[in-house]
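Report on one structure; see the data block that follows.
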Amino acid sequence: MHRFWKTVTLPLFEAIGAHRVMEIGSQSGAGTRKLIEYCRTHDARCHIVDPFRPPGYVELEPELATVGKFHEALSINVLPDIEPCDAYLIDGDHNFYTVRKELEIIHDVTSNKAASSASSHGPLFLLHDVCWPYGRRDMYYQPSNIPPDHRNLWARLGLDLDKDELVDHGGMNQHLAQALCAGGNSNGVRTAAESFVSDHGKQYRFYVIPILHGLGIIIPSKDEQQPYGKIVRELCETTDRQRNLLELAERDRLKLLVKLSSIHGDTAKPIA
Ligand SMILES: C[S@@+](CC[C@H](N)C(=O)[O-])C[C@H]1O[C@@H](n2cnc3c(N)ncnc32)[C@H](O)[C@@H]1O
């Protein structure tokens with residue numbers, strides 16, 4: 001997700017005037033470092049949530065402490081107790097159960113903003129992996145974190161383009177626990193985003209940038225005419241021809257990633 005920073009995330013943060021920002025899923029810390037820098041230069045605060053500290057945390061921690069906090073936890077366990085934010089980067093556990101819950105908790109926390117200093121706009125949600133492979137398929141970093149009733153059947157096997165089922169040999173992300181089949185109404189990050197938006201009537205709008213595994217953007221419908229809402233529309237309201245071209249380029253990129261993973265194992269690290 002950090003690869004969207006310069007073209008999408010930063011312009012949106014600046015346009016919404018984000019003073020409180022959250023990153024769910026830090027991993028290498030690449031996005032976290034950008035958030036810290038943003039907070040330093042924009043008089044903002046950040047919350048970073050991940051059950052694991054990023055590499056180099058010892059050096060990062062003093063810098064982070066001046067502008068925010070690292071919550072070493074699963075998102076849904078701590079979100080209810082963190083102050084409301086103006087913008088949320090959602091890139092943690094890539095499955096329907098977790099993402100649907102994250103969105104609902106954030107909705108509740110931000111709807112009750114009376115005691116907060118969060119701005120009157122937003123919340124802005126940026127969700128990574130709303131396209132292939134995890135838009136319509138669950139992935140579980142730790143399957144036992146998901147209640148069995150809410151978990152799809154899964155295996156640690158690879159993925160191939162155009163195949164709903166996992167493949168026995170090769171394929172992408174062979175080391176990760178992923179749903180045996182794609183599709184259905186409780187499978188994948190995009191399905192969770194759509195379910196959230198649909199369950200809240202016309203309160204939110206959902207947009208997709210269909211490259212780099214897909215970036216989903218959810219904003220309150222009332223903000224569509226705000227400067228940041230206009231940037232979202234500029235980024236996402238492509239013509240059909242432009243969208244077809246983006247999807248074509250992404251498909252070629254994915255084909256190469258699958259091929260590389262099949263040859264070298266998972267060294268291509270496609271989900272960051
Ligand atoms: C795809 S990586 C994040 C990449 C990062 N956002 C970036 O742009 O470089 C996913 C991260 O989410 C973390 N994670 C997994 N389950 C989580 C959960 N339930 N809550 C928060 N973070 C979670 C993993 O430990 C991993 O570090």
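Each chain of the structure tokens is named A, B, ... in the order shown, its residues numbered from 1; ligands are numbered from 1 in display order.
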_Let's see if you can do this: from backbone DSSP, list all strand (DSSP E) residues in range 84-163 of chain A, as a ChimeraX atom specification._
/A:87-90,124-128,139-140,154-155
*Residues up to 10 Å from ligand 1, counting only C-alpha atoms and all ligand atoms: could you list those as a VMD selection string?*
chain A and resid 1 to 5 23 to 34 48 to 54 71 to 79 89 to 95 97 to 99 102 127 to 129 139 to 143 145 to 146 269 to 272
Grab the residues selected above and save them as a short mmCIF file (atom, residue, chain, number, x, y, z; two decimals), in the first residue's frame with C-alpha atoms.
data_model
loop_
_atom_site.label_atom_id
_atom_site.label_comp_id
_atom_site.auth_asym_id
_atom_site.auth_seq_id
_atom_site.Cartn_x
_atom_site.Cartn_y
_atom_site.Cartn_z
CA MET A 1 0.00 0.00 0.00
CA HIS A 2 2.88 2.39 0.70
CA ARG A 3 3.48 2.61 -3.05
CA PHE A 4 0.32 4.74 -3.36
CA TRP A 5 1.74 7.30 -0.92
CA GLU A 23 -2.22 2.54 9.67
CA ILE A 24 -3.50 -1.01 10.17
CA GLY A 25 -0.72 -3.38 9.06
CA SER A 26 2.83 -2.03 9.18
CA GLN A 27 4.95 -5.05 8.09
CA SER A 28 8.26 -3.62 6.78
CA GLY A 29 7.48 -0.22 8.28
CA ALA A 30 7.80 1.50 4.86
CA GLY A 31 4.35 3.08 5.19
CA THR A 32 4.85 3.74 8.89
CA ARG A 33 7.96 5.84 8.16
CA LYS A 34 5.98 7.92 5.68
CA ILE A 48 0.00 2.17 13.96
CA VAL A 49 -1.62 -1.22 14.60
CA ASP A 50 0.07 -4.56 13.95
CA PRO A 51 0.53 -7.67 16.13
CA PHE A 52 4.20 -7.62 15.09
CA ARG A 53 6.73 -4.79 15.29
CA PRO A 54 8.38 -3.85 11.98
CA HIS A 71 -0.34 -0.72 19.12
CA GLU A 72 1.09 -4.23 19.14
CA ALA A 73 -2.24 -5.98 18.72
CA LEU A 74 -4.88 -7.31 16.37
CA SER A 75 -6.86 -4.40 14.94
CA ILE A 76 -10.32 -5.40 16.09
CA ASN A 77 -9.12 -5.81 19.68
CA VAL A 78 -7.84 -2.23 19.99
CA LEU A 79 -9.79 -0.12 17.46
CA LEU A 89 -5.05 2.93 5.94
CA ILE A 90 -6.45 -0.61 6.12
CA ASP A 91 -3.85 -3.21 5.13
CA GLY A 92 -3.81 -5.79 7.92
CA ASP A 93 -5.45 -9.22 7.80
CA HIS A 94 -6.89 -9.63 4.30
CA ASN A 95 -10.17 -11.38 4.95
CA TYR A 97 -14.37 -11.12 8.76
CA THR A 98 -11.53 -8.80 9.82
CA VAL A 99 -12.06 -6.04 7.27
CA GLU A 102 -12.63 -3.01 11.16
CA LEU A 127 -8.02 -0.27 1.71
CA HIS A 128 -5.32 -2.22 -0.04
CA ASP A 129 -5.91 -5.52 -1.93
CA MET A 139 -6.20 -14.74 3.36
CA TYR A 140 -5.49 -15.41 7.03
CA TYR A 141 -2.18 -14.41 8.61
CA GLN A 142 -3.13 -16.64 11.53
CA PRO A 143 -6.29 -18.69 10.85
CA ASN A 145 -7.48 -15.51 14.99
CA ILE A 146 -10.74 -15.85 13.04
CA LYS A 269 6.64 -10.78 -2.08
CA PRO A 270 3.58 -9.70 -4.05
CA ILE A 271 1.26 -8.59 -1.25
CA ALA A 272 3.14 -5.64 0.30
#
*Excluding same-chain residues fewer than 3 positions from Ala15 in chain A, what lies within 12 Å of it counting only C-alpha atoms, as a ChimeraX atom specification?*
/A:8-12,18-19,42,86-87,119,121-122,124,223,226-232
Residue subset to file, keeping C-alpha atoms, as a short mmCIF file (atom, residue, chain, number, x, y, z; two decimals), in the first residue's frame:
data_model
loop_
_atom_site.label_atom_id
_atom_site.label_comp_id
_atom_site.auth_asym_id
_atom_site.auth_seq_id
_atom_site.Cartn_x
_atom_site.Cartn_y
_atom_site.Cartn_z
CA VAL A 8 -2.92 9.05 -3.69
CA THR A 9 -2.44 8.97 0.07
CA LEU A 10 -0.48 12.18 0.68
CA PRO A 11 -2.61 14.39 -1.60
CA LEU A 12 -5.77 13.05 0.07
CA ALA A 18 -5.79 14.94 8.34
CA HIS A 19 -4.68 15.52 11.94
CA HIS A 42 1.77 18.50 9.38
CA ASP A 86 -9.60 11.47 9.97
CA ALA A 87 -8.05 8.81 7.74
CA SER A 119 -12.13 17.18 11.42
CA HIS A 121 -14.92 15.59 7.11
CA GLY A 122 -14.25 11.92 6.66
CA LEU A 124 -11.44 8.55 4.70
CA ASP A 223 -17.92 14.67 1.23
CA GLN A 226 -15.24 18.52 -0.75
CA PRO A 227 -11.77 19.15 -2.24
CA TYR A 228 -10.57 15.69 -1.15
CA GLY A 229 -13.73 14.06 -2.56
CA LYS A 230 -12.98 15.72 -5.89
CA ILE A 231 -9.46 14.25 -5.88
CA VAL A 232 -10.94 10.79 -5.20
#
*What's the 12 Å shell around range 168-176 of chain A, counting only C-alpha atoms, without same-chain residues fewer than 5 positions away, as a ChimeraX atom specification?*
/A:93-94,132-134,138-143,154-163,254-272
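Minimum atom-to-atom distances from A:Asn152, A:Gly56, A:Phe125, A:Pro147 to Tyr204 in chain A were compared using only C-alpha atoms, and the lowest value belongs to A:Phe125.
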*Could you jot down the CA of Asp164 in chain A to CA of Asp149 in chain A separation for me, Å, one decimal place?*
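These atoms are spaced 21.5 Å apart.
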